[in-house]
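Enquirer: To be precise about what I am sending: the file is called upload_4.pdb and holds PDB, N, CA and C atoms.
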```
ATOM      1  N   MET A 635       9.894  10.576-116.567
ATOM      2  CA  MET A 635       8.997  10.553-115.421
ATOM      3  C   MET A 635       9.850  10.618-114.156
ATOM      4  N   THR A 636       9.613  11.641-113.369
ATOM      5  CA  THR A 636      10.314  11.817-112.109
ATOM      6  C   THR A 636       9.518  11.149-111.001
ATOM      7  N   LEU A 637      10.187  10.340-110.202
ATOM      8  CA  LEU A 637       9.532   9.636-109.102
ATOM      9  C   LEU A 637       9.974  10.232-107.771
ATOM     10  N   LEU A 638       9.027  10.372-106.877
ATOM     11  CA  LEU A 638       9.297  10.908-105.547
ATOM     12  C   LEU A 638       8.892   9.891-104.494
ATOM     13  N   THR A 639       9.627   9.864-103.408
ATOM     14  CA  THR A 639       9.173   9.085-102.260
ATOM     15  C   THR A 639       8.038   9.864-101.597
ATOM     16  N   PRO A 640       7.206   9.206-100.815
ATOM     17  CA  PRO A 640       6.152   9.955-100.108
ATOM     18  C   PRO A 640       6.711  11.084 -99.240
ATOM     19  N   ALA A 641       7.852  10.869 -98.622
ATOM     20  CA  ALA A 641       8.463  11.918 -97.793
ATOM     21  C   ALA A 641       8.884  13.113 -98.645
ATOM     22  N   GLN A 642       9.450  12.864 -99.818
ATOM     23  CA  GLN A 642       9.838  13.960-100.702
ATOM     24  C   GLN A 642       8.612  14.725-101.193
ATOM     25  N   ALA A 643       7.549  14.007-101.518
ATOM     26  CA  ALA A 643       6.319  14.652-101.974
ATOM     27  C   ALA A 643       5.727  15.520-100.873
ATOM     28  N   ARG A 644       5.730  15.013 -99.635
ATOM     29  CA  ARG A 644       5.213  15.795 -98.509
ATOM     30  C   ARG A 644       5.999  17.080 -98.337
ATOM     31  N   LYS A 645       7.305  16.973 -98.409
ATOM     32  CA  LYS A 645       8.150  18.143 -98.188
ATOM     33  C   LYS A 645       8.029  19.149 -99.333
ATOM     34  N   GLU A 646       8.051  18.671-100.565
ATOM     35  CA  GLU A 646       8.033  19.564-101.726
ATOM     36  C   GLU A 646       6.694  20.274-101.892
ATOM     37  N   TYR A 647       5.589  19.588-101.613
ATOM     38  CA  TYR A 647       4.265  20.170-101.814
ATOM     39  C   TYR A 647       3.591  20.577-100.510
ATOM     40  N   ASN A 648       4.313  20.504 -99.407
ATOM     41  CA  ASN A 648       3.824  20.920 -98.094
ATOM     42  C   ASN A 648       2.515  20.195 -97.736
ATOM     43  N   LEU A 649       2.547  18.883 -97.825
ATOM     44  CA  LEU A 649       1.392  18.040 -97.525
ATOM     45  C   LEU A 649       1.636  17.277 -96.230
ATOM     46  N   GLY A 650       0.581  16.926 -95.563
ATOM     47  CA  GLY A 650       0.689  16.156 -94.329
ATOM     48  C   GLY A 650       0.923  14.680 -94.600
ATOM     49  N   ARG A 651       1.545  13.999 -93.641
ATOM     50  CA  ARG A 651       1.846  12.578 -93.779
ATOM     51  C   ARG A 651       0.583  11.752 -93.973
ATOM     52  N   ASP A 652      -0.420  11.997 -93.143
ATOM     53  CA  ASP A 652      -1.664  11.225 -93.247
ATOM     54  C   ASP A 652      -2.401  11.508 -94.550
ATOM     55  N   PHE A 653      -2.311  12.746 -95.034
ATOM     56  CA  PHE A 653      -2.970  13.095 -96.291
ATOM     57  C   PHE A 653      -2.371  12.317 -97.458
ATOM     58  N   VAL A 654      -1.048  12.251 -97.520
ATOM     59  CA  VAL A 654      -0.382  11.501 -98.594
ATOM     60  C   VAL A 654      -0.718  10.023 -98.475
ATOM     61  N   ARG A 655      -0.709   9.488 -97.274
ATOM     62  CA  ARG A 655      -1.068   8.077 -97.081
ATOM     63  C   ARG A 655      -2.498   7.791 -97.527
ATOM     64  N   ARG A 656      -3.409   8.709 -97.236
ATOM     65  CA  ARG A 656      -4.800   8.532 -97.642
ATOM     66  C   ARG A 656      -4.942   8.579 -99.162
ATOM     67  N   LEU A 657      -4.214   9.477 -99.819
ATOM     68  CA  LEU A 657      -4.251   9.539-101.278
ATOM     69  C   LEU A 657      -3.765   8.234-101.894
ATOM     70  N   ILE A 658      -2.732   7.665-101.318
ATOM     71  CA  ILE A 658      -2.199   6.390-101.810
ATOM     72  C   ILE A 658      -3.203   5.268-101.536
ATOM     73  N   ARG A 659      -3.711   5.202-100.311
ATOM     74  CA  ARG A 659      -4.655   4.147 -99.926
ATOM     75  C   ARG A 659      -5.920   4.170-100.768
ATOM     76  N   ASP A 660      -6.458   5.376-101.014
ATOM     77  CA  ASP A 660      -7.693   5.519-101.778
ATOM     78  C   ASP A 660      -7.461   5.515-103.291
ATOM     79  N   ARG A 661      -6.208   5.356-103.696
ATOM     80  CA  ARG A 661      -5.812   5.317-105.110
ATOM     81  C   ARG A 661      -6.253   6.548-105.880
ATOM     82  N   LYS A 662      -6.061   7.690-105.259
ATOM     83  CA  LYS A 662      -6.390   8.949-105.916
ATOM     84  C   LYS A 662      -5.199   9.496-106.692
ATOM     85  N   ILE A 663      -4.012   8.994-106.395
ATOM     86  CA  ILE A 663      -2.813   9.353-107.152
ATOM     87  C   ILE A 663      -2.137   8.062-107.603
ATOM     88  N   PRO A 664      -1.456   8.100-108.749
ATOM     89  CA  PRO A 664      -0.762   6.890-109.201
ATOM     90  C   PRO A 664       0.440   6.575-108.317
ATOM     91  N   VAL A 665       0.723   5.289-108.183
ATOM     92  CA  VAL A 665       1.825   4.828-107.327
ATOM     93  C   VAL A 665       2.607   3.762-108.067
ATOM     94  N   VAL A 666       3.935   3.827-107.944
ATOM     95  CA  VAL A 666       4.807   2.783-108.470
ATOM     96  C   VAL A 666       5.273   1.967-107.276
ATOM     97  N   SER A 667       4.938   0.690-107.268
ATOM     98  CA  SER A 667       5.296  -0.184-106.161
ATOM     99  C   SER A 667       6.555  -0.963-106.519
ATOM    100  N   LEU A 668       7.585  -0.822-105.682
ATOM    101  CA  LEU A 668       8.842  -1.541-105.886
ATOM    102  C   LEU A 668       9.039  -2.618-104.829
ATOM    103  N   GLY A 669       7.971  -3.037-104.235
ATOM    104  CA  GLY A 669       8.033  -4.043-103.182
ATOM    105  C   GLY A 669       6.951  -3.756-102.168
ATOM    106  N   PRO A 670       6.861  -4.583-101.139
ATOM    107  CA  PRO A 670       5.786  -4.408-100.164
ATOM    108  C   PRO A 670       5.898  -3.122 -99.343
ATOM    109  N   HIS A 671       7.110  -2.581 -99.215
ATOM    110  CA  HIS A 671       7.293  -1.392 -98.371
ATOM    111  C   HIS A 671       7.947  -0.233 -99.103
ATOM    112  N   LYS A 672       8.067  -0.309-100.409
ATOM    113  CA  LYS A 672       8.720   0.760-101.172
ATOM    114  C   LYS A 672       7.755   1.277-102.229
ATOM    115  N   LEU A 673       7.265   2.500-102.023
ATOM    116  CA  LEU A 673       6.351   3.136-102.957
ATOM    117  C   LEU A 673       6.978   4.423-103.479
ATOM    118  N   LEU A 674       6.766   4.687-104.749
ATOM    119  CA  LEU A 674       7.216   5.930-105.356
ATOM    120  C   LEU A 674       6.028   6.585-106.041
ATOM    121  N   LEU A 675       6.016   7.918-106.024
ATOM    122  CA  LEU A 675       4.912   8.673-106.593
ATOM    123  C   LEU A 675       5.406   9.439-107.818
ATOM    124  N   PRO A 676       4.794   9.224-108.974
ATOM    125  CA  PRO A 676       5.163  10.023-110.146
ATOM    126  C   PRO A 676       4.782  11.490-109.933
ATOM    127  N   ARG A 677       5.731  12.375-110.181
ATOM    128  CA  ARG A 677       5.499  13.810-109.993
ATOM    129  C   ARG A 677       4.325  14.293-110.856
ATOM    130  N   ASP A 678       4.248  13.805-112.098
ATOM    131  CA  ASP A 678       3.178  14.234-113.000
ATOM    132  C   ASP A 678       1.800  13.871-112.448
ATOM    133  N   GLY A 679       1.667  12.684-111.884
ATOM    134  CA  GLY A 679       0.391  12.250-111.325
ATOM    135  C   GLY A 679      -0.004  13.060-110.109
ATOM    136  N   LEU A 680       0.970  13.378-109.275
ATOM    137  CA  LEU A 680       0.703  14.176-108.077
ATOM    138  C   LEU A 680       0.312  15.602-108.466
ATOM    139  N   GLU A 681       1.029  16.183-109.427
ATOM    140  CA  GLU A 681       0.707  17.540-109.865
ATOM    141  C   GLU A 681      -0.651  17.586-110.559
ATOM    142  N   ALA A 682      -0.995  16.545-111.318
ATOM    143  CA  ALA A 682      -2.308  16.497-111.966
ATOM    144  C   ALA A 682      -3.415  16.438-110.920
ATOM    145  N   PHE A 683      -3.220  15.658-109.858
ATOM    146  CA  PHE A 683      -4.213  15.583-108.794
ATOM    147  C   PHE A 683      -4.379  16.944-108.117
ATOM    148  N   LEU A 684      -3.266  17.600-107.789
ATOM    149  CA  LEU A 684      -3.336  18.897-107.120
ATOM    150  C   LEU A 684      -3.971  19.946-108.028
ATOM    151  N   GLN A 685      -3.685  19.895-109.319
ATOM    152  CA  GLN A 685      -4.276  20.847-110.257
ATOM    153  C   GLN A 685      -5.794  20.656-110.330
ATOM    154  N   LYS A 686      -6.233  19.399-110.325
ATOM    155  CA  LYS A 686      -7.661  19.108-110.387
ATOM    156  C   LYS A 686      -8.377  19.591-109.119
ATOM    157  N   GLN A 687      -7.682  19.611-107.994
ATOM    158  CA  GLN A 687      -8.274  20.030-106.730
ATOM    159  C   GLN A 687      -8.235  21.538-106.526
ATOM    160  N   THR A 688      -7.551  22.270-107.388
ATOM    161  CA  THR A 688      -7.404  23.714-107.236
ATOM    162  C   THR A 688      -8.701  24.416-107.619
ATOM    163  N   ILE A 689      -9.143  25.305-106.769
ATOM    164  CA  ILE A 689     -10.366  26.070-107.000
ATOM    165  C   ILE A 689      -9.976  27.447-107.521
ATOM    166  N   PRO A 690     -10.507  27.852-108.682
ATOM    167  CA  PRO A 690     -10.134  29.167-109.223
ATOM    168  C   PRO A 690     -10.719  30.304-108.390
ATOM    169  N   ALA A 691     -10.053  31.446-108.445
ATOM    170  CA  ALA A 691     -10.518  32.622-107.712
ATOM    171  C   ALA A 691     -11.760  33.190-108.374
ATOM    172  N   ARG A 692     -12.597  33.808-107.592
ATOM    173  CA  ARG A 692     -13.796  34.467-108.117
ATOM    174  C   ARG A 692     -13.467  35.924-108.370
ATOM    175  N   ARG A 693     -13.217  36.258-109.597
ATOM    176  CA  ARG A 693     -12.771  37.607-109.948
ATOM    177  C   ARG A 693     -13.821  38.675-109.633
ATOM    178  N   GLU A 694     -15.086  38.412-109.872
ATOM    179  CA  GLU A 694     -16.107  39.414-109.598
ATOM    180  C   GLU A 694     -16.150  39.756-108.106
ATOM    181  N   TYR A 695     -16.039  38.738-107.261
ATOM    182  CA  TYR A 695     -16.028  38.987-105.826
ATOM    183  C   TYR A 695     -14.825  39.837-105.450
ATOM    184  N   PHE A 696     -13.687  39.512-106.004
ATOM    185  CA  PHE A 696     -12.481  40.273-105.702
ATOM    186  C   PHE A 696     -12.632  41.717-106.155
ATOM    187  N   LYS A 697     -13.139  41.923-107.368
ATOM    188  CA  LYS A 697     -13.281  43.281-107.893
ATOM    189  C   LYS A 697     -14.259  44.093-107.050
ATOM    190  N   SER A 698     -15.399  43.520-106.732
ATOM    191  CA  SER A 698     -16.407  44.274-105.992
ATOM    192  C   SER A 698     -15.991  44.513-104.543
ATOM    193  N   LYS A 699     -15.304  43.555-103.958
ATOM    194  CA  LYS A 699     -14.958  43.659-102.540
ATOM    195  C   LYS A 699     -13.769  44.583-102.301
ATOM    196  N   PHE A 700     -12.748  44.485-103.157
ATOM    197  CA  PHE A 700     -11.509  45.192-102.858
ATOM    198  C   PHE A 700     -11.262  46.404-103.746
ATOM    199  N   LEU A 701     -11.621  46.352-104.991
ATOM    200  CA  LEU A 701     -11.331  47.468-105.875
ATOM    201  C   LEU A 701     -12.304  48.621-105.672
ATOM    202  N   SER A 702     -13.525  48.351-105.253
ATOM    203  CA  SER A 702     -14.485  49.437-105.046
ATOM    204  C   SER A 702     -14.101  50.286-103.838
ATOM    205  N   HIS A 703     -13.481  49.701-102.832
ATOM    206  CA  HIS A 703     -13.085  50.458-101.642
ATOM    207  C   HIS A 703     -11.973  51.444-101.950
ATOM    208  N   THR A 704     -11.076  51.101-102.839
ATOM    209  CA  THR A 704      -9.976  52.010-103.141
ATOM    210  C   THR A 704     -10.479  53.226-103.897
ATOM    211  N   SER A 705     -11.481  53.076-104.765
ATOM    212  CA  SER A 705     -11.984  54.221-105.515
ATOM    213  C   SER A 705     -12.870  55.101-104.638
ATOM    214  N   GLN A 706     -13.527  54.561-103.627
ATOM    215  CA  GLN A 706     -14.395  55.352-102.758
ATOM    216  C   GLN A 706     -13.593  56.249-101.823
ATOM    217  N   ASN A 707     -12.420  55.810-101.430
ATOM    218  CA  ASN A 707     -11.655  56.552-100.431
ATOM    219  C   ASN A 707     -10.781  57.637-101.040
ATOM    220  N   LYS A 708     -10.807  57.824-102.347
ATOM    221  CA  LYS A 708      -9.991  58.871-102.954
ATOM    222  C   LYS A 708     -10.689  60.209-102.814
ATOM    223  N   GLY A 709      -9.915  61.253-102.784
ATOM    224  CA  GLY A 709     -10.488  62.592-102.733
ATOM    225  C   GLY A 709     -10.375  63.194-101.340
ATOM    226  N   VAL A 710     -10.845  64.434-101.243
ATOM    227  CA  VAL A 710     -10.764  65.173 -99.994
ATOM    228  C   VAL A 710     -12.079  64.998 -99.248
ATOM    229  N   THR A 711     -11.978  64.783 -97.961
ATOM    230  CA  THR A 711     -13.198  64.652 -97.173
ATOM    231  C   THR A 711     -13.738  66.032 -96.856
ATOM    232  N   GLY A 712     -15.022  66.135 -96.785
ATOM    233  CA  GLY A 712     -15.654  67.416 -96.472
ATOM    234  C   GLY A 712     -15.607  67.700 -94.985
ATOM    235  N   VAL A 713     -16.179  68.794 -94.596
ATOM    236  CA  VAL A 713     -16.206  69.187 -93.189
ATOM    237  C   VAL A 713     -17.117  68.217 -92.444
ATOM    238  N   GLY A 714     -16.603  67.674 -91.355
ATOM    239  CA  GLY A 714     -17.390  66.772 -90.547
ATOM    240  C   GLY A 714     -17.431  65.346 -91.075
ATOM    241  N   GLN A 715     -16.750  65.080 -92.158
ATOM    242  CA  GLN A 715     -16.720  63.739 -92.716
ATOM    243  C   GLN A 715     -15.339  63.147 -92.491
ATOM    244  N   SER A 716     -15.308  61.840 -92.417
ATOM    245  CA  SER A 716     -14.023  61.154 -92.297
ATOM    246  C   SER A 716     -14.074  59.878 -93.108
ATOM    247  N   ASN A 717     -12.920  59.329 -93.370
ATOM    248  CA  ASN A 717     -12.819  58.067 -94.088
ATOM    249  C   ASN A 717     -12.862  56.876 -93.134
ATOM    250  N   TYR A 718     -12.992  57.118 -91.846
ATOM    251  CA  TYR A 718     -12.992  56.055 -90.875
ATOM    252  C   TYR A 718     -14.269  55.230 -91.023
ATOM    253  N   GLY A 719     -14.107  53.910 -91.092
ATOM    254  CA  GLY A 719     -15.256  53.013 -91.165
ATOM    255  C   GLY A 719     -15.743  52.706 -92.553
ATOM    256  N   ARG A 720     -15.071  53.213 -93.559
ATOM    257  CA  ARG A 720     -15.499  52.920 -94.938
ATOM    258  C   ARG A 720     -14.873  51.669 -95.428
TER
END
```
Please rewrite the model in this file as structure tokens.
Expert:
Amino acid sequence: MTLLTPAQARKEYNLGRDFVRRLIRDRKIPVVSLGPHKLLLPRDGLEAFLQKQTIPARREYFKSKFLSHTSQNKGVTGVGQSNYGR
């Protein structure tokens, strides 16, 4: 089990100071207490919390929004037509 200080966790996972403090205060992540002012965060617990908060991408939205535009713009434009605005 790898333990991180709150400062190391903030730097490694690009989290804000207040956000990490709130996670600790609300007991949303596990904490190892080594005294009244020394807290360590298990890496596994922090990664499990972040994984649970991750929202998966919507593949259908991505396919319809971005892949359909690439297939529409292929080919030669006719007289008086342009690809502008598609």
Enquirer: Measure the distance from atom CA of Leu673 of chain A to atom CA of Ile689 of chain A in Å and round it to one decimal.
Expert: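 It comes out at 28.7 Å.
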Enquirer: Measure the distance from atom N of Ala643 of chain A to atom CA of Leu675 of chain A in Å and round it to one decimal.
Expert: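 A separation of 7.8 Å between them.
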Enquirer: Give me, please, the distance in Å between atom CA of Leu637 of chain A and atom CA of Ile663 of chain A, quoted to one decimal.
Expert: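 Value for the atom CA of Leu637 of chain A-atom CA of Ile663 of chain A distance: 12.5 Å.
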Enquirer: Leaving out segment 638-642 of chain A and any residue of its chain fewer than 6 positions from it, which residues lie within 8 Å of it when counting only N, CA and C atoms, given as a VMD selection string?
Expert: chain A and resid 648 651 654 to 655 672 to 678
Enquirer: Apply DSSP to the structure's backbone, then extract all residues of segment 653-701 of chain A labelled strand (DSSP E or B) and return them as a ChimeraX atom specification.
Expert: /A:666-667,673-676
Enquirer: In terms of the shortest atom-to-atom distance over only C-alpha atoms, which of A:Phe653, A:Arg659, A:Pro664, A:Glu646 is closest to Leu680 of chain A?
Expert: A:Pro664
Enquirer: To test the calculation: enclose all listed atoms of segment 644-656 of chain A in a box whose edges run along x, y and z, add 4 Å on each side, then state centre and edge lengths in Å to one decimal, as JSON.
Expert:
```
{"center_x": 1.6, "center_y": 14.4, "center_z": -97.5, "size_x": 21.1, "size_y": 21.1, "size_z": 16.7}
```
